[in-house]
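Okay, start.pdb is below, PDB, C-alpha atoms:
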ATOM      1  CA  MET A   1       0.000   0.000   0.000
ATOM      2  CA  HIS A   2       1.301   3.411  -0.858
ATOM      3  CA  LEU A   3       2.492   5.611   1.987
ATOM      4  CA  PHE A   4      -0.099   8.288   1.171
ATOM      5  CA  LYS A   5      -2.954   5.745   1.458
ATOM      6  CA  LYS A   6      -1.602   4.493   4.790
ATOM      7  CA  ILE A   7      -1.400   8.033   6.154
ATOM      8  CA  TYR A   8      -4.869   8.854   4.840
ATOM      9  CA  LEU A   9      -6.392   5.754   6.426
ATOM     10  CA  ARG A  10      -4.578   6.223   9.714
ATOM     11  CA  PHE A  11      -5.355   9.891  10.313
ATOM     12  CA  PHE A  12      -8.372  10.852   8.224
ATOM     13  CA  VAL A  13     -10.647   7.810   8.186
ATOM     14  CA  LYS A  14     -12.121   7.789  11.679
ATOM     15  CA  SER A  15     -15.103   5.437  11.673
ATOM     16  CA  GLY A  16     -15.908   1.987  10.366
ATOM     17  CA  PHE A  17     -18.543   3.564   8.115
ATOM     18  CA  GLU A  18     -15.916   5.796   6.501
ATOM     19  CA  TYR A  19     -13.527   2.854   6.159
ATOM     20  CA  ALA A  20     -16.210   0.685   4.530
ATOM     21  CA  ASN A  21     -16.981   3.509   2.090
ATOM     22  CA  TYR A  22     -13.278   3.823   1.289
ATOM     23  CA  LEU A  23     -13.016   0.067   0.623
ATOM     24  CA  LYS A  24     -16.151   0.123  -1.554
ATOM     25  CA  LYS A  25     -14.970   3.141  -3.545
ATOM     26  CA  ASN A  26     -11.664   1.389  -4.229
ATOM     27  CA  GLY A  27     -13.249  -1.985  -5.084
ATOM     28  CA  PHE A  28     -11.338  -3.748  -2.327
ATOM     29  CA  LEU A  29     -13.757  -6.657  -1.821
ATOM     30  CA  HIS A  30     -15.148  -8.971  -4.492
ATOM     31  CA  SER A  31     -18.495  -7.304  -3.797
ATOM     32  CA  GLN A  32     -19.777  -4.986  -1.126
ATOM     33  CA  GLY A  33     -23.274  -3.668  -0.453
ATOM     34  CA  GLU A  34     -24.423  -0.327   0.900
ATOM     35  CA  ASN A  35     -24.384   1.078   4.462
ATOM     36  CA  CYS A  36     -21.654  -1.182   5.803
ATOM     37  CA  PHE A  37     -19.422  -0.790   8.848
ATOM     38  CA  ILE A  38     -15.958  -2.358   8.684
ATOM     39  CA  SER A  39     -13.542  -1.747  11.532
ATOM     40  CA  LYS A  40     -10.049  -0.735  10.477
ATOM     41  CA  SER A  41      -8.784  -3.504  12.760
ATOM     42  CA  ALA A  42     -10.692  -6.206  10.875
ATOM     43  CA  ASN A  43      -8.458  -8.621   8.957
ATOM     44  CA  ILE A  44      -9.550  -9.542   5.435
ATOM     45  CA  PRO A  45      -6.453 -11.135   3.842
ATOM     46  CA  ASP A  46      -8.213 -12.342   0.668
ATOM     47  CA  PRO A  47     -10.581  -9.536  -0.272
ATOM     48  CA  TYR A  48     -11.002 -10.841  -3.822
ATOM     49  CA  LEU A  49     -12.794 -13.884  -2.341
ATOM     50  CA  THR A  50     -14.905 -11.903   0.141
ATOM     51  CA  SER A  51     -18.447 -10.750  -0.562
ATOM     52  CA  ILE A  52     -20.641  -8.775   1.833
ATOM     53  CA  GLY A  53     -24.191  -7.512   1.425
ATOM     54  CA  ASP A  54     -25.996  -4.369   2.574
ATOM     55  CA  ASN A  55     -25.942  -3.214   6.217
ATOM     56  CA  VAL A  56     -23.150  -5.562   7.290
ATOM     57  CA  TRP A  57     -21.206  -4.758  10.470
ATOM     58  CA  ILE A  58     -17.711  -6.237  10.771
ATOM     59  CA  THR A  59     -16.432  -5.041  14.135
ATOM     60  CA  SER A  60     -13.024  -4.786  15.764
ATOM     61  CA  GLY A  61     -10.670  -7.748  15.453
ATOM     62  CA  CYS A  62     -12.833  -9.807  13.087
ATOM     63  CA  GLN A  63     -11.009 -12.109  10.674
ATOM     64  CA  LEU A  64     -12.548 -13.240   7.407
ATOM     65  CA  LEU A  65     -10.284 -16.066   6.265
ATOM     66  CA  CYS A  66     -10.653 -17.386   2.728
ATOM     67  CA  HIS A  67      -7.605 -19.642   2.850
ATOM     68  CA  ASP A  68      -6.083 -22.367   4.972
ATOM     69  CA  ALA A  69      -2.390 -21.543   5.124
ATOM     70  CA  SER A  70      -1.553 -24.907   6.730
ATOM     71  CA  VAL A  71      -1.251 -26.270   3.192
ATOM     72  CA  ILE A  72       1.992 -24.319   2.833
ATOM     73  CA  MET A  73       3.568 -26.331   5.652
ATOM     74  CA  ILE A  74       2.202 -29.573   4.210
ATOM     75  CA  ASN A  75       3.476 -28.674   0.744
ATOM     76  CA  LEU A  76       6.925 -27.990   2.171
ATOM     77  CA  ILE A  77       7.241 -31.228   4.163
ATOM     78  CA  ARG A  78       5.577 -33.463   1.548
ATOM     79  CA  ASN A  79       6.774 -31.713  -1.599
ATOM     80  CA  ASP A  80       3.103 -31.435  -2.585
ATOM     81  CA  HIS A  81       0.922 -28.871  -4.385
ATOM     82  CA  LEU A  82      -2.152 -28.625  -2.184
ATOM     83  CA  ASP A  83      -4.434 -25.600  -2.033
ATOM     84  CA  ARG A  84      -7.370 -24.767   0.233
ATOM     85  CA  VAL A  85      -9.203 -21.571  -0.612
ATOM     86  CA  ALA A  86     -12.906 -20.772  -0.626
ATOM     87  CA  PRO A  87     -14.970 -17.587  -0.445
ATOM     88  CA  VAL A  88     -16.528 -15.988   2.590
ATOM     89  CA  ILE A  89     -19.994 -14.656   1.849
ATOM     90  CA  ILE A  90     -21.898 -12.498   4.304
ATOM     91  CA  LYS A  91     -25.454 -11.667   3.242
ATOM     92  CA  ASP A  92     -27.503  -8.533   4.061
ATOM     93  CA  ASN A  93     -28.078  -7.196   7.583
ATOM     94  CA  CYS A  94     -25.453  -9.190   9.459
ATOM     95  CA  PHE A  95     -23.513  -8.229  12.566
ATOM     96  CA  LEU A  96     -20.192  -9.828  13.523
ATOM     97  CA  GLY A  97     -19.207  -9.059  17.122
ATOM     98  CA  ASN A  98     -15.629  -8.292  18.123
ATOM     99  CA  ASN A  99     -13.003 -10.910  17.233
ATOM    100  CA  VAL A 100     -15.277 -13.204  15.229
ATOM    101  CA  ILE A 101     -13.337 -15.585  12.964
ATOM    102  CA  VAL A 102     -15.022 -16.752   9.769
ATOM    103  CA  LEU A 103     -13.362 -19.767   8.137
ATOM    104  CA  PRO A 104     -13.073 -20.443   4.375
ATOM    105  CA  GLY A 105     -16.102 -21.566   2.418
ATOM    106  CA  THR A 106     -18.741 -20.266   4.785
ATOM    107  CA  THR A 107     -21.848 -18.220   4.094
ATOM    108  CA  ILE A 108     -23.624 -16.228   6.779
ATOM    109  CA  GLY A 109     -27.317 -15.842   5.927
ATOM    110  CA  SER A 110     -29.179 -12.523   5.962
ATOM    111  CA  ASN A 111     -30.323 -11.019   9.266
ATOM    112  CA  THR A 112     -27.843 -12.968  11.360
ATOM    113  CA  ILE A 113     -25.901 -11.909  14.450
ATOM    114  CA  VAL A 114     -22.649 -13.661  15.388
ATOM    115  CA  GLY A 115     -21.555 -13.084  18.993
ATOM    116  CA  ALA A 116     -18.136 -11.761  19.972
ATOM    117  CA  GLY A 117     -15.279 -14.276  19.907
ATOM    118  CA  SER A 118     -17.187 -16.849  17.879
ATOM    119  CA  VAL A 119     -15.619 -19.061  15.232
ATOM    120  CA  VAL A 120     -17.811 -19.668  12.194
ATOM    121  CA  THR A 121     -16.906 -23.089  10.766
ATOM    122  CA  LYS A 122     -19.993 -23.757   8.625
ATOM    123  CA  ASP A 123     -22.820 -21.941   6.874
ATOM    124  CA  LEU A 124     -25.191 -20.079   9.191
ATOM    125  CA  PRO A 125     -28.862 -19.772   8.204
ATOM    126  CA  GLU A 126     -30.669 -16.465   7.968
ATOM    127  CA  ASN A 127     -32.647 -14.832  10.784
ATOM    128  CA  SER A 128     -30.508 -16.348  13.542
ATOM    129  CA  VAL A 129     -28.200 -15.559  16.437
ATOM    130  CA  TYR A 130     -25.045 -17.654  16.800
ATOM    131  CA  ALA A 131     -22.234 -17.614  19.359
ATOM    132  CA  GLY A 132     -19.397 -19.791  20.612
ATOM    133  CA  THR A 133     -16.453 -21.797  19.381
ATOM    134  CA  PRO A 134     -17.543 -23.254  17.104
ATOM    135  CA  ALA A 135     -20.528 -20.953  16.619
ATOM    136  CA  ARG A 136     -23.766 -22.595  17.741
ATOM    137  CA  HIS A 137     -27.376 -21.553  17.340
ATOM    138  CA  ILE A 138     -28.574 -19.450  20.285
ATOM    139  CA  CYS A 139     -32.017 -18.334  19.136
ATOM    140  CA  SER A 140     -33.942 -16.873  16.239
ATOM    141  CA  LEU A 141     -33.424 -13.223  15.420
ATOM    142  CA  GLU A 142     -37.066 -12.521  16.381
ATOM    143  CA  ASN A 143     -36.591 -14.053  19.848
ATOM    144  CA  TYR A 144     -33.414 -12.024  20.318
ATOM    145  CA  ILE A 145     -35.169  -8.787  19.302
ATOM    146  CA  SER A 146     -38.088  -9.531  21.659
ATOM    147  CA  LYS A 147     -35.701 -10.033  24.574
ATOM    148  CA  MET A 148     -33.756  -6.858  23.703
ATOM    149  CA  LYS A 149     -37.003  -4.837  23.539
ATOM    150  CA  SER A 150     -38.137  -6.168  26.901
ATOM    151  CA  ASP A 151     -34.755  -5.454  28.515
ATOM    152  CA  SER A 152     -34.439  -1.994  26.945
ATOM    153  CA  LYS A 153     -37.826  -0.839  28.210
ATOM    154  CA  LYS A 154     -36.666  -1.527  31.792
ATOM    155  CA  TYR A 155     -33.762   0.930  31.582
ATOM    156  CA  PRO A 156     -34.312   4.383  33.085
ATOM    157  CA  TRP A 157     -32.791   5.923  29.930
ATOM    158  CA  TYR A 158     -35.277   4.278  27.560
ATOM    159  CA  ASP A 159     -37.054   7.622  26.971
ATOM    160  CA  LEU A 160     -33.729   9.108  25.833
ATOM    161  CA  LEU A 161     -33.357   6.341  23.253
ATOM    162  CA  LYS A 162     -36.815   7.072  21.875
ATOM    163  CA  GLN A 163     -35.847  10.690  21.089
ATOM    164  CA  HIS A 164     -34.501   9.516  17.727
ATOM    165  CA  GLU A 165     -36.220   7.587  14.989
ATOM    166  CA  LYS A 166     -33.348   5.067  14.998
ATOM    167  CA  HIS A 167     -30.809   4.792  17.778
ATOM    168  CA  VAL A 168     -27.409   4.247  16.195
ATOM    169  CA  TYR A 169     -25.034   6.878  17.544
ATOM    170  CA  ASP A 170     -25.566  10.519  18.404
ATOM    171  CA  PRO A 171     -22.666  12.257  20.190
ATOM    172  CA  LYS A 172     -25.015  14.668  22.015
ATOM    173  CA  LEU A 173     -27.279  11.876  23.186
ATOM    174  CA  GLU A 174     -24.342   9.608  24.047
ATOM    175  CA  GLU A 175     -23.142  11.918  26.819
ATOM    176  CA  LYS A 176     -26.568  11.849  28.485
ATOM    177  CA  LEU A 177     -26.726   8.069  28.111
ATOM    178  CA  LYS A 178     -23.302   7.654  29.740
ATOM    179  CA  VAL A 179     -24.401   9.644  32.791
ATOM    180  CA  GLU A 180     -27.603   7.605  33.149
ATOM    181  CA  ARG A 181     -25.828   4.275  32.659
ATOM    182  CA  VAL A 182     -23.152   5.048  35.266
ATOM    183  CA  LYS A 183     -25.838   6.144  37.747
ATOM    184  CA  TYR A 184     -27.783   2.937  37.129
ATOM    185  CA  TYR A 185     -24.957   0.412  37.219
ATOM    186  CA  PHE A 186     -22.811   1.958  39.943
ATOM    187  CA  ARG A 187     -25.484   3.433  42.204
ATOM    188  CA  ASP A 188     -24.474   1.206  45.131
ATOM    189  CA  ALA A 189     -20.781   2.067  44.757
ATOM    190  CA  GLU A 190     -21.314   5.786  45.210
TER     191      GLU A 190
END
Structure translated into structure tokens:
Amino acid sequence: MHLFKKIYLRFFVKSGFEYANYLKKNGFLHSQGENCFISKSANIPDPYLTSIGDNVWITSGCQLLCHDASVIMINLIRNDHLDRVAPVIIKDNCFLGNNVIVLPGTTIGSNTIVGAGSVVTKDLPENSVYAGTPARHICSLENYISKMKSDSKKYPWYDLLKQHEKHVYDPKLEEKLKVERVKYYFRDAE
């Protein structure tokens, strides 16, 4: 990568949204949908074999691996010519929590959440929540959303969240939320 690009990415691209837009503009991935978030700390060593849909979140430390480099060692010790590569395909509206590892040849179906630290070793169906090593089915996306709605309504800051049509991130609102969250979670410590 040219020095200018490295400097630009390091100092001028601040968010995962900006980074995803930069990657899309430069045709980095095989294909990339709209409204994506890709952390600058995500590792995508074979972008030409990586395809992501619309509204995909790839958070900090995620690794999308389209190759099995162990074949290099085998080729060296056996004087062989093995290869193990396969695409990683992530469909629309998926969220990969921090440090998720996706192994070669896997497809993550639309509307799927993969919990932090999970290892995806096989295709994951749509409308699901998966977590663990290897990633296992936790619940349907609808059940997860129902639980999140129920939990969210119990928080004293729920009315603050409702001030916006969609709660993603608002710096002004975030400061108020921080104050309320600290009061709620550390009320006994004060």
Expand the PyMOL selection byres ((chain A and resi 135-149) around 9) into the explicit residue set it covers here, and present it as an NGL selection string.
:A and (111-115 or 118-122 or 124 or 126-134 or 150-154)
Given the selection you just returned, output its residues as a file containing C-alpha atoms, formatted as a CSV table (one decimal), keeping the file's coordinate frame.
chain,number,residue,atom,x,y,z
A,111,ASN,CA,-30.3,-11.0,9.3
A,112,THR,CA,-27.8,-13.0,11.4
A,113,ILE,CA,-25.9,-11.9,14.4
A,114,VAL,CA,-22.6,-13.7,15.4
A,115,GLY,CA,-21.6,-13.1,19.0
A,118,SER,CA,-17.2,-16.8,17.9
A,119,VAL,CA,-15.6,-19.1,15.2
A,120,VAL,CA,-17.8,-19.7,12.2
A,121,THR,CA,-16.9,-23.1,10.8
A,122,LYS,CA,-20.0,-23.8,8.6
A,124,LEU,CA,-25.2,-20.1,9.2
A,126,GLU,CA,-30.7,-16.5,8.0
A,127,ASN,CA,-32.6,-14.8,10.8
A,128,SER,CA,-30.5,-16.3,13.5
A,129,VAL,CA,-28.2,-15.6,16.4
A,130,TYR,CA,-25.0,-17.7,16.8
A,131,ALA,CA,-22.2,-17.6,19.4
A,132,GLY,CA,-19.4,-19.8,20.6
A,133,THR,CA,-16.5,-21.8,19.4
A,134,PRO,CA,-17.5,-23.3,17.1
A,150,SER,CA,-38.1,-6.2,26.9
A,151,ASP,CA,-34.8,-5.5,28.5
A,152,SER,CA,-34.4,-2.0,26.9
A,153,LYS,CA,-37.8,-0.8,28.2
A,154,LYS,CA,-36.7,-1.5,31.8
Name the residues within 8 Å of (-19.5, -10.0, 3.6), counting only C-alpha atoms in the file's coordinates, and put them as a ChimeraX atom specification.
/A:31-32,50-53,56,88-91
Between A:Cys62, A:Gly33, A:Glu18, A:Leu160, which is the closest to Leu173 (chain A) once you count only C-alpha atoms?
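That would be A:Leu160, the residue with the smallest distance to Leu173 (chain A).
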Tell me, as a VMD selection string, which residues lie within 6 Å of Ala116 (chain A), counting all atoms listed in the file; anything in the same chain fewer than 2 positions away does not count.
chain A and resid 97 to 100 118
Can you tell me how far CA of Asp123 (chain A) sits from CA of Phe95 (chain A), in Å to one decimal?
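CA of Phe95 (chain A) lies at a distance of 14.9 Å from CA of Asp123 (chain A).
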May I have the protein, DNA and RNA residues with any atom at most 12 Å from the point (-5.6, -28.8, -3.3), counting all atoms listed in the file, written as a PDB file with C-alpha atoms, in the coordinates of the input?
ATOM      1  CA  HIS A  67      -7.605 -19.642   2.850  1.00  0.00           C
ATOM      2  CA  ASP A  68      -6.083 -22.367   4.972  1.00  0.00           C
ATOM      3  CA  ALA A  69      -2.390 -21.543   5.124  1.00  0.00           C
ATOM      4  CA  SER A  70      -1.553 -24.907   6.730  1.00  0.00           C
ATOM      5  CA  VAL A  71      -1.251 -26.270   3.192  1.00  0.00           C
ATOM      6  CA  ILE A  72       1.992 -24.319   2.833  1.00  0.00           C
ATOM      7  CA  ILE A  74       2.202 -29.573   4.210  1.00  0.00           C
ATOM      8  CA  ASN A  75       3.476 -28.674   0.744  1.00  0.00           C
ATOM      9  CA  ASP A  80       3.103 -31.435  -2.585  1.00  0.00           C
ATOM     10  CA  HIS A  81       0.922 -28.871  -4.385  1.00  0.00           C
ATOM     11  CA  LEU A  82      -2.152 -28.625  -2.184  1.00  0.00           C
ATOM     12  CA  ASP A  83      -4.434 -25.600  -2.033  1.00  0.00           C
ATOM     13  CA  ARG A  84      -7.370 -24.767   0.233  1.00  0.00           C
ATOM     14  CA  VAL A  85      -9.203 -21.571  -0.612  1.00  0.00           C
ATOM     15  CA  ALA A  86     -12.906 -20.772  -0.626  1.00  0.00           C
TER      16      ALA A  86
END
Result set of the PyMOL selection byres ((chain A and resi 38-47) around 6) on the coordinates above, as a PyMOL selection string:
chain A and resi 16+20+29+37+48-50+58-64+66
Can you work out the spacing between CA of Asn26 (chain A) and CA of Leu9 (chain A) in Å, to one decimal?
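So the answer is 12.7 Å.
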